[in-house]
There are 2 protein chains.
Amino acid sequence: MQGLMMERPLLVSSILEHASTIHHDQEVVTRTVEGPVHRYTYADLAQRSRRLAKALTALGIGRGDRVGTVAWNTHRHLELYFGVSGMGAVCHTLNPRLHPEQFAWIVNHAGDRLLFVDATFVKLVEAVADKLTTVERVVVMTDRANMPGTSLPDPLCYEDIVEAADDRFAWPALEEGAAAAMCYTSGTTGDPKGVVYSNRSIVLHAYGLSLPGALPVGERDALLPVVPQFHVLAWGFPYAVPMNGGKLVMPGPRLDGASLTELMAAEGVTVTAGVPTVWHGLLEHWRTSGERVPSLGRVVVGGSAAPRRMIEAFQETYGIAFIHAWGMTETSPLGTASYLKPADFDAEASARYDRQVKQGRPVFGVEARIVDEGGAPLPRDGVAFGELQVRGPWVCSGYHRLDVSPGHTADGWFATGDVATIDPDGYVQITDRKKDLIKSGGEWISSIDLEDLAMSHPDVQQAAVIGVPDPRWEERPLLIVVPVAGAEPDKKAIRAHLGERVAKWQVPDDVVFVESLPLGATGKVLKSRLRETYGGGAA
Amino acid sequence: MQGLMMERPLLVSSILEHASTIHHDQEVVTRTVEGPVHRYTYADLAQRSRRLAKALTALGIGRGDRVGTVAWNTHRHLELYFGVSGMGAVCHTLNPRLHPEQFAWIVNHAGDRLLFVDATFVKLVEAVADKLTTVERVVVMTDRANMPGTSLPDPLCYEDIVEAADDRFAWPALEEGAAAAMCYTSGTTGDPKGVVYSNRSIVLHAYGLSLPGALPVGERDALLPVVPQFHVLAWGFPYAVPMNGGKLVMPGPRLDGASLTELMAAEGVTVTAGVPTVWHGLLEHWRTSGERVPSLGRVVVGGSAAPRRMIEAFQETYGIAFIHAWGMTETSPLGTASYLKPADFDAEASARYDRQVKQGRPVFGVEARIVDEGGAPLPRDGVAFGELQVRGPWVCSGYHRLDVSPGHTADGWFATGDVATIDPDGYVQITDRKKDLIKSGGEWISSIDLEDLAMSHPDVQQAAVIGVPDPRWEERPLLIVVPVAGAEPDKKAIRAHLGERVAKWQVPDDVVFVESLPLGATGKVLKSRLRETYGGGAA
């Protein structure tokens with residue numbers, strides 16, 4: 001027996017229509033690539049997205065066609081999110097920090113017909129132009145007055161095509177499984193893999209993100225996504241925030257601590273989200289400048305585990321709730337959020353932080369389990385660790401143009417490549433990437449645990465731990481440290497600091513001091529690079 | 001091009017599994033029909049629901065079979081919600097306040113194979129037993145010690161069948177469109193109509209209910225649904241609250257002000273929901289007893305419009321936010337919620353109340369429009385009024401065993417039968433039921449407006465306005481008043497009170513004083529009964 005409910009599809013366009021009807025006068029504020037602050041409303045965003053869709057139609061774009069974007073977080077990039085997906089095409093966000101070869105490979109693999117490019121990234125596209133086999137036209141995301149000189153053939157100007165179109169465009173009644181957006185994994189090993197989001201998955205993810213125990217952003221909130229729109233759709237906030245009528249504050253290209261502080265304070269930002277590296281910079285700026293953002297109540301961190309010291313700094317020094325979340329390109333990305341159980345929230349600080357350093361509990365819609373090397377489920381006791389596997393309607397089922405996915409199990413789960421524990425209350429703690437775990441004398445050592453402990457030493461700004469080959473123990477941990485500015489840390493003292501906190505055999509045999517750590521295209525420490533540098537014999 | 005996301009169905013059982021894993025130790029507290037307070041956790045609820053599903057299987061219940069319930073809000077009724085829907089059968093909640101003839105008609109029309117009945121309602125079922133053509137067995141929802149004597153053949157005892165079953169039952173992977181629950185409209189005109197909820201609609205509705213601008217109930221909340229589980233699935237809270245880990249406090253049969261106050265205070269209830277009649281009783285109890293519920297922060301009202309005076313009383317006297325919502329059996333029910341725009345919330349009291357008396361703005365997932373008598377859309381200007389039409393994935397597309405629905409338009413909207421305005425910010429205000437509007441001298445008069453104004457007179461406890469035939473004006477409004485206890489109101493004074501607030505031709509020609517108003521099975525004033533009584537010539 002079937003239910004008798006309307007078969008209304010879950011569509012990205014319906015989010016925009018809702019926002020422009022019910023929250024028509026809520027603001028979208030952008031620090032533009034050109035410099036000035038731009039502001040308009042959801043009603044404007046909807047109208048301009050319809051004009052863009054009409055312009056795209058005139059350029060020959062139809063259902064299922066891929067439209068690439070190489071752009072910062074701006075109102076124009078939002079228009080592409082809604083205009084492209086709304087008309088039934090596929091908005092493919094590209095990461096401009098990738099190696100140019102890899103960038104070109106991805107554009108070709110996705111089959112992007114158009115590229116929408118911020119002026120900042122025109123040179124990048126020029127450099128690979130002769131390698132792009134599917135791109136027909138490049139649109140520079142600026143107005144006529146700011147069009148850069150370029151060697152690209154027949155570049156279009158974004159404002160010209162949007163202004164030339166009218167807004168008499170009705171969003172089509174798509175099937176909810178239709179592709180809406182694409183994002184490639186950064187592919188530190190092997191070729192990048194294309195994740196294809198559907199209208200359904202984007203809408204369900206936005207519902208999930210908005211639950212009270214996840215990362216809700218309401219009408220009284222103003223969210224600034226530091227996480228780029230080219231990283232997993234800025235974690236879905238560009239959909240969830242309009243869905244609920246919050247204010248969106250887009251930072252454009254300036255993501256340093258001073259610029260973020262200025263924009264957040266000026267616009268009354270209440271929530272922000274990004275990777276730990278960004279929050280390091282922000283805390284450092286606050287410490288040295290004495291500046292603050294009085295309106296800021298919540299900081300969301302994802303992408304990598306945040307050190308305990310960072311959580312403490314935001315909460316103890318600034319009174320700002322710091323919320324761990326975990327996800328991946330393949331999971332849209334929200335998997336878990338560290339909204340604390342009331343009993344944990346009310347616990348004394350030490351017990352509370354023990355829970356807060358974990359990545360949180362699965363949001364309704366995502367199921368999580370850990371398995372051993374043979375694929376058998378492990379106990380949820382907070383001790384057993386194994387590969388984290390997830391499933392749910394916003395978890396990918398495969399990859400674009402890849403017949404067999406290496407990451408999917410026969411029984412329908414996605415194997416994340418992360419190693420984790422799950423405790424009896426459902427809190428997930430990522431102990432490592434599967435490939436970063438260190439195996440020493442038959443025992444596993446978590447690089448993340450050691451890094452977090454190293455960063456609790458006052459002289460350590462950043463830390464990375466890798467395994468290096470050892471003839472006797474197979475691997476031994478090596479600690480690589482960026483010292484705090486002005487500090488002159490001592491190897492012995494740092495090893496002693498760790499020795500008080502972990503078993504003796506887990507203490508790294510050596511410590512290396514460096515000025516900075518190599519970062520990948522998504523802002524994470526590139527351990528593969530560190531292994532290349534130190535793997536041969538530093539231990 | 002299709003998205004590449006997992007095809008995980010949205011299922012009622014997944015809510016229970018999430019609650020019992022992530023919120024395993026959250027409490028479900030019930031004032032039982034037998035008397036004592038019962039408490040257990042979501043883990044217990046899940047385990048007992050599986051046992052129930054196994055017991056139902058043993059009784060021959062399979063996919064799509066209807067299982068009727070005649071019950072108060074209790075943990076056992078929750079087990080039926082999850083056990084019956086989870087196994088793929090259809091949980092059909094029956095309203096015991098219906099006329100027995102109508103009750104029997106509905107059971108037969110739905111084809112219920114089993115009836116689960118609270119001891120309170122065994123007599124009702126006995127009275128119609130010989131008219132029930134599809135029911136094979138009756139299960140009394142109590143334990144062996146409390147089994148009532150009954151003339152029903154072979155009655156089963158709920159606790160016996162649940163205890164006899166084990167919990168080794170895996171929820172089947174249903175198709176998300178599969179029917180999960182049923183509820184009949186009260187059918188004040190014509191036969192009752194069966195609305196059939198799907199797994200998909202119930203899950204999406206729970207997501208919608210949980211949005212920051214709707215009626216979110218989080219892990220720190222404790223919700224007491226005064227609205228019965230036999231009214232539109234207790235407005236969806238039995239799904240949304242476990243989804244988010246809130247505490248559920250089920251009031252059983254005692255819904256008077258004193259009992260509610262006692263239970264809410266004892267269990268730290270923070271949110272409650274029900275029809276205006278219930279809140280009249282609660283306010284009256286608080287006024288006369290001086291009792292309070294210190295933990296209570298929000299009161300949700302639906303089913304009928306709440307008078308301004310009631311909103312003011314909760315907010316001004318008790319500091320409790322009072323939230324209007326609108327919906328119907330056909331809309332699962334959430335259509336709109338009166339979460340205020342920040343600017344309205346911060347406005348001075350009079351402007352704020354002007355917005356709060358409206359039923360609120362559509363929740364994401366529901367679209368609303370008003371149309372004229374020819375079906376053409378009317379402007380959203382807060383002035384034009386016409387029939388309210390809605391659509392969305394949790395709005396019904398038709399009715400059980402009814403080939404043609406009178407309430408559905410050719411272009412895919414559900415015509416609600418309510419007359420409303422929509423203002424530029426999207427606030428919907430119900431001005432009347434279509435059939436209750438009064439047409440006088442070619443102009444429309446809203447009965448709800450007059451009732452609200454009448455209730456702002458200090459001597460008026462409750463008011464109802466109906467149209468009575470008039471040879472000259474076609475219809476004229478008649479005001480029927482229940483005076484405040486001890487008051488001796490004066491017709492002339494009340495008419496003068498209205499005359500200061502509405503146009504002269506809208507003032508009722510006569511006022512009738514009564515001890516009480518006739519209420520229908522869902523607690524709403526039965527205007528059809530009033531028209532029978534006064535329609536002939538009271539004017």
# chains A, B, ... in the order shown; residues from 1 in each chain; ligands from 1
$ interface_residues --of "chain A" --to "chain B" --cutoff "6 Å" --atoms "only C-alpha atoms" --output "list in words"
Met1, Gln2, Gly3, Leu4, Met5, Met6, Glu7, Arg8, Ile22, Gly64, Gly177, Ala178, Ala179, Val196, Tyr197, Ser198, Ser210, Leu211, Pro212, Gly218, Gly392, Pro393, Trp394, Val395, Cys396, Ser397, Gly398, Asp425 and Gly426 of chain A
$ residues_around --residues "Gly83 of chain B" --least-positions-apart "5" --cutoff "7 Å" --atoms "only C-alpha atoms" --output "PyMOL selection string"
chain B and resi 49-50+52-53
$ write_last_selection --atoms "N, CA and C atoms" --output "PDB file, in the first residue's frame"
ATOM      1  N   SER B  49       9.406  -1.836  20.607  1.00  0.00           N
ATOM      2  CA  SER B  49       8.769  -1.700  19.293  1.00  0.00           C
ATOM      3  C   SER B  49       9.108  -2.892  18.407  1.00  0.00           C
ATOM      4  N   ARG B  50      10.358  -3.379  18.530  1.00  0.00           N
ATOM      5  CA  ARG B  50      10.731  -4.567  17.750  1.00  0.00           C
ATOM      6  C   ARG B  50       9.956  -5.799  18.216  1.00  0.00           C
ATOM      7  N   LEU B  52       7.042  -5.746  19.561  1.00  0.00           N
ATOM      8  CA  LEU B  52       5.667  -5.562  19.078  1.00  0.00           C
ATOM      9  C   LEU B  52       5.568  -5.973  17.608  1.00  0.00           C
ATOM     10  N   ALA B  53       6.565  -5.549  16.820  1.00  0.00           N
ATOM     11  CA  ALA B  53       6.547  -5.898  15.396  1.00  0.00           C
ATOM     12  C   ALA B  53       6.577  -7.414  15.223  1.00  0.00           C
TER      13      ALA B  53
END
$ select_by_dssp --residues "segment 354-479 of chain A" --states "strand (DSSP E or B)" --output "PyMOL selection string"
chain A and resi 360-362+367-371+377+386-391+396+399+402+408+414-422+428-433+438-440+443-445+460-470+474-479
$ residues_around --residues "Glu159 of chain A" --least-positions-apart "2" --cutoff "8 Å" --atoms "only C-alpha atoms" --output "PyMOL selection string"
chain A and resi 141-144+157+161-163
$ atom_distance --atom1 "atom CA of Arg529 of chain A" --atom2 "atom CA of Ile438 of chain A"
16.2 Å
$ select_by_dssp --residues "segment 244-356 of chain A" --states "helix (DSSP H, G or I)" --output "MDAnalysis selection string"
chainID A and resid 244 257:267 276:289 308:318 329:331 342:345 349:356
$ decode --residues "segment 367-399 of chain B" --atoms "N, CA and C atoms" --output "JSON list (two decimals), in the first residue's frame"
[["chain", "number", "residue", "atom", "x", "y", "z"],
["B", 367, "GLU", "N", 4.54, 25.19, 0.18],
["B", 367, "GLU", "CA", 4.27, 26.44, -0.54],
["B", 367, "GLU", "C", 2.80, 26.78, -0.36],
["B", 368, "ALA", "N", 2.50, 28.06, -0.25],
["B", 368, "ALA", "CA", 1.13, 28.51, 0.00],
["B", 368, "ALA", "C", 0.74, 29.60, -0.99],
["B", 369, "ARG", "N", -0.51, 29.62, -1.38],
["B", 369, "ARG", "CA", -1.03, 30.72, -2.19],
["B", 369, "ARG", "C", -2.49, 30.90, -1.82],
["B", 370, "ILE", "N", -3.04, 32.08, -2.15],
["B", 370, "ILE", "CA", -4.48, 32.26, -2.01],
["B", 370, "ILE", "C", -5.04, 32.54, -3.40],
["B", 371, "VAL", "N", -6.27, 32.05, -3.61],
["B", 371, "VAL", "CA", -6.88, 32.19, -4.94],
["B", 371, "VAL", "C", -8.30, 32.74, -4.80],
["B", 372, "ASP", "N", -8.76, 33.37, -5.88],
["B", 372, "ASP", "CA", -10.14, 33.86, -5.87],
["B", 372, "ASP", "C", -11.09, 32.72, -6.25],
["B", 373, "GLU", "N", -12.37, 33.06, -6.36],
["B", 373, "GLU", "CA", -13.35, 31.99, -6.57],
["B", 373, "GLU", "C", -13.17, 31.27, -7.91],
["B", 374, "GLY", "N", -12.51, 31.97, -8.85],
["B", 374, "GLY", "CA", -12.23, 31.33, -10.13],
["B", 374, "GLY", "C", -10.92, 30.56, -10.14],
["B", 375, "GLY", "N", -10.22, 30.57, -9.01],
["B", 375, "GLY", "CA", -8.96, 29.82, -8.94],
["B", 375, "GLY", "C", -7.74, 30.63, -9.34],
["B", 376, "ALA", "N", -7.92, 31.95, -9.59],
["B", 376, "ALA", "CA", -6.77, 32.77, -9.98],
["B", 376, "ALA", "C", -6.03, 33.25, -8.73],
["B", 377, "PRO", "N", -4.70, 33.19, -8.73],
["B", 377, "PRO", "CA", -3.94, 33.64, -7.56],
["B", 377, "PRO", "C", -4.21, 35.10, -7.21],
["B", 378, "LEU", "N", -4.26, 35.38, -5.92],
["B", 378, "LEU", "CA", -4.50, 36.72, -5.41],
["B", 378, "LEU", "C", -3.19, 37.31, -4.89],
["B", 379, "PRO", "N", -3.12, 38.65, -4.80],
["B", 379, "PRO", "CA", -1.87, 39.27, -4.34],
["B", 379, "PRO", "C", -1.56, 38.94, -2.88],
["B", 380, "ARG", "N", -0.25, 38.93, -2.57],
["B", 380, "ARG", "CA", 0.23, 38.69, -1.21],
["B", 380, "ARG", "C", 0.43, 40.05, -0.57],
["B", 381, "ASP", "N", -0.69, 40.71, -0.26],
["B", 381, "ASP", "CA", -0.60, 42.09, 0.24],
["B", 381, "ASP", "C", -1.16, 42.23, 1.65],
["B", 382, "GLY", "N", -1.57, 41.12, 2.24],
["B", 382, "GLY", "CA", -2.12, 41.17, 3.59],
["B", 382, "GLY", "C", -3.55, 41.67, 3.64],
["B", 383, "VAL", "N", -4.11, 42.00, 2.49],
["B", 383, "VAL", "CA", -5.47, 42.54, 2.43],
["B", 383, "VAL", "C", -6.38, 41.59, 1.65],
["B", 384, "ALA", "N", -5.96, 41.25, 0.45],
["B", 384, "ALA", "CA", -6.77, 40.34, -0.37],
["B", 384, "ALA", "C", -6.94, 39.02, 0.37],
["B", 385, "PHE", "N", -8.17, 38.49, 0.33],
["B", 385, "PHE", "CA", -8.35, 37.18, 0.95],
["B", 385, "PHE", "C", -9.03, 36.24, -0.01],
["B", 386, "GLY", "N", -8.66, 34.99, 0.12],
["B", 386, "GLY", "CA", -9.23, 33.97, -0.75],
["B", 386, "GLY", "C", -8.88, 32.62, -0.18],
["B", 387, "GLU", "N", -9.28, 31.58, -0.89],
["B", 387, "GLU", "CA", -9.02, 30.24, -0.34],
["B", 387, "GLU", "C", -7.53, 29.96, -0.32],
["B", 388, "LEU", "N", -7.09, 29.42, 0.79],
["B", 388, "LEU", "CA", -5.68, 29.04, 0.94],
["B", 388, "LEU", "C", -5.45, 27.69, 0.27],
["B", 389, "GLN", "N", -4.41, 27.66, -0.59],
["B", 389, "GLN", "CA", -4.03, 26.40, -1.22],
["B", 389, "GLN", "C", -2.56, 26.13, -0.91],
["B", 390, "VAL", "N", -2.23, 24.87, -0.72],
["B", 390, "VAL", "CA", -0.85, 24.51, -0.38],
["B", 390, "VAL", "C", -0.40, 23.31, -1.20],
["B", 391, "ARG", "N", 0.92, 23.16, -1.28],
["B", 391, "ARG", "CA", 1.48, 21.95, -1.87],
["B", 391, "ARG", "C", 2.84, 21.67, -1.24],
["B", 392, "GLY", "N", 3.25, 20.43, -1.35],
["B", 392, "GLY", "CA", 4.54, 20.04, -0.77],
["B", 392, "GLY", "C", 4.56, 18.54, -0.54],
["B", 393, "PRO", "N", 5.75, 18.01, -0.21],
["B", 393, "PRO", "CA", 5.89, 16.55, -0.13],
["B", 393, "PRO", "C", 5.20, 15.92, 1.08],
["B", 394, "TRP", "N", 4.68, 16.75, 2.01],
["B", 394, "TRP", "CA", 3.90, 16.15, 3.10],
["B", 394, "TRP", "C", 2.46, 16.65, 3.08],
["B", 395, "VAL", "N", 2.00, 17.06, 1.88],
["B", 395, "VAL", "CA", 0.59, 17.41, 1.67],
["B", 395, "VAL", "C", -0.05, 16.26, 0.88],
["B", 396, "CYS", "N", -1.26, 15.87, 1.27],
["B", 396, "CYS", "CA", -1.87, 14.70, 0.65],
["B", 396, "CYS", "C", -2.20, 14.95, -0.82],
["B", 397, "SER", "N", -2.15, 13.87, -1.59],
["B", 397, "SER", "CA", -2.46, 13.95, -3.02],
["B", 397, "SER", "C", -3.86, 13.41, -3.30],
["B", 398, "GLY", "N", -4.50, 12.87, -2.30],
["B", 398, "GLY", "CA", -5.83, 12.29, -2.47],
["B", 398, "GLY", "C", -6.20, 11.60, -1.17],
["B", 399, "TYR", "N", -7.27, 10.79, -1.23],
["B", 399, "TYR", "CA", -7.76, 10.13, -0.03],
["B", 399, "TYR", "C", -7.92, 8.64, -0.28]]
